[in-house]
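Novice: The structure that follows is given in the form of structure tokens.
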Protein chains: 2
Amino acid sequence: MPHPAEPGSDRYHRGNLRQAILETARSLLEEAGPGGLSLREIARRLDVSAPSAYHHFASLDAIAVALAEQGFDELTERLKAATGNLDGRLGPAGAAYISFARANPGLYRLMFGEGFQMISKKNLAVRSLRQRAYATLSEDLRKRLPEPDVSTAALFLWSLVHGLALLMIDGQLDAAADPNTMIDKVLRLAGTGLPRRPAT
Amino acid sequence: MPHPAEPGSDRYHRGNLRQAILETARSLLEEAGPGGLSLREIARRLDVSAPSAYHHFASLDAIAVALAEQGFDELTERLKAATGNLDGRLGPAGAAYISFARANPGLYRLMFGEGFQMISKKNLAVRSLRQRAYATLSEDLRKRLPEPDVSTAALFLWSLVHGLALLMIDGQLDAAADPNTMIDKVLRLAGTGLPRRPAT
């Protein structure tokens with residue numbers, strides 16, 4: 001005969017609690033940023049004890065790495081969907097990248113190491129996820145550009161979309177400007193270079 | 001007749017302690033990143049009590065804002081020195097920007113809001129410092145470009161140097177590449193745009 005359980009102890013099957021921890025952590029990340037992640041707060045929101053959360057993740061950093069992994073998977077999916085259809089144009093992939101970052105600002109910052117100690121194993125794990133995403137981008141450029149240009153072009157593009165994404169997340173954009181128009185204009189400059197002073 | 005003071009209580013004059021707190025906070029920032037700033041650790045390193053540190057700064061966030069202000073002052077100085085001599089070329093200013101970020105990675109991340117709660121008064125204070133730095137950059141472009149191009153060009157350039165600076169700080173660059181050569185090549189693409197696939 002069922003009896004009243006200790007709060008939360010029976011609420012989740014093993015896999016379900018793992019999933020619930022990740023979902024709750026992700027909400028918290030978007031509310032408070034990477035610095036606001038806390039295992040105690042995650043456990044409180046799920047109404048489970050901290051030890052039962054530790055059963056699934058050895059540390060808060062382990063949760064953060066799992067979230068970063070989710071993030072890179074989702075970003076890669078979006079980039080593939082954007083580039084697959086439009087051979088030879090970089091704009092759609094750039095716009096997809098930035099739109100992912102704007103929709104998931106806390107996650108995006110985490111994916112670039114915010115909230116980790118700068119020199120840590122977990123940060124290195126996240127760095128290797130980034131390297132994989134970068135390899136995907138370079139692979140795509142390799143189809144369009146002669147080999148000696150690929151590495152510079154990849155770094156140029158990644159810098160541009162990464163910087164723009166972060167400036168937008170940080171609210172640096174002129175509030176009067178339409179974000180999508182600005183993104184489009186900036187990405188177009190990636191193809192043409194800066195305009196020049198008109199000849200006098 | 002002098003008597004042995006409580007540890008640290010007499011060591012600093014008012015202004016000196018303020019300065020010493022900032023210097024120690026800045027070292028800590030470079031060691032541990034914005035998330036590693038801690039008033040307790042700063043006080044410990046200076047061998048003073050936390051209350052005497054609080055006498056100069058109401059909170060850890062107040063120290064962080066003061067550091068960000070220092071950072072933007074130093075960055076602006078470097079940009080002015082780089083652009084002053086070389087009218088019409090953007091490369092030196094971009095290289096100066098990135099070299100500042102690489103020399104002060106913890107500070108640079110702090111200047112862009114890392115370590116602050118995303119929605120906070122202190123974060124807004126730092127954002128307004130950023131806006132000032134951005135205005136300096138736009139002012140400089142206004143001398144080179146027709147007015148309708150200025151805002152897009154400023155956002156394009158800022159995105160590029162911000163993104164490249166962060167990717168380099170994060171160690172994303174190919175370890176075999178010479179950093180200054182890469183910076184130079186990427187900044188050159190800002191002027192020319194991406195290379196195109198050779199005509200077939």
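If you're wondering about the labels, chains in the structure tokens are A, B, ... by order shown, residues count from 1 in each chain, ligands from 1 in order shown.
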Taking only residues of chain A that have an atom at most 6 Å from an atom of chain B, what is each one's shortest atom pair and its distance in Å to one decimal, using only C-alpha atoms, in chain and number order, as CSV?

Specialist:
```
residue,atom,partner,partner_atom,distance
A:Arg144,CA,B:Arg197,CA,5.6
A:Leu145,CA,B:Arg197,CA,5.0
A:Phe156,CA,B:Val186,CA,5.3
A:Ser159,CA,B:Gly163,CA,4.1
A:Leu160,CA,B:Leu160,CA,4.2
A:His162,CA,B:Gly163,CA,5.1
A:Gly163,CA,B:Gly163,CA,3.7
A:Leu164,CA,B:Ser159,CA,4.6
A:Val186,CA,B:Phe156,CA,5.3
A:Ala190,CA,B:Gly193,CA,5.1
A:Gly191,CA,B:Gly193,CA,4.6
A:Thr192,CA,B:Gly193,CA,4.4
A:Gly193,CA,B:Gly193,CA,3.7
A:Leu194,CA,B:Gly191,CA,5.1
A:Arg197,CA,B:Leu145,CA,5.1
```

Novice: List every residue of stretch 30-157 of chain A that DSSP, applied to the backbone, labels as helix (DSSP H, G or I), and write the result as number ranges by chain.

Specialist: A: 30-32, 34-36, 39-46, 50-54, 60-84, 91-103, 105-111, 121-142, 147-157

Novice: Kindly give the distance, in Å, that separates atom CA of A:Ser52 and atom CA of A:Asp73, rounded to a single decimal.

Specialist: 26.9 Å

Novice: Enter the distance from atom CA of B:Ser99 to atom CA of B:Gly71, in Å, rounded to one decimal.

Specialist: 13.0 Å

Novice: Measuring between only C-alpha atoms, which one of B:Arg26, B:Lys121, B:Arg132, B:Arg142 shows the shortest distance to B:Thr76?

Specialist: B:Arg132
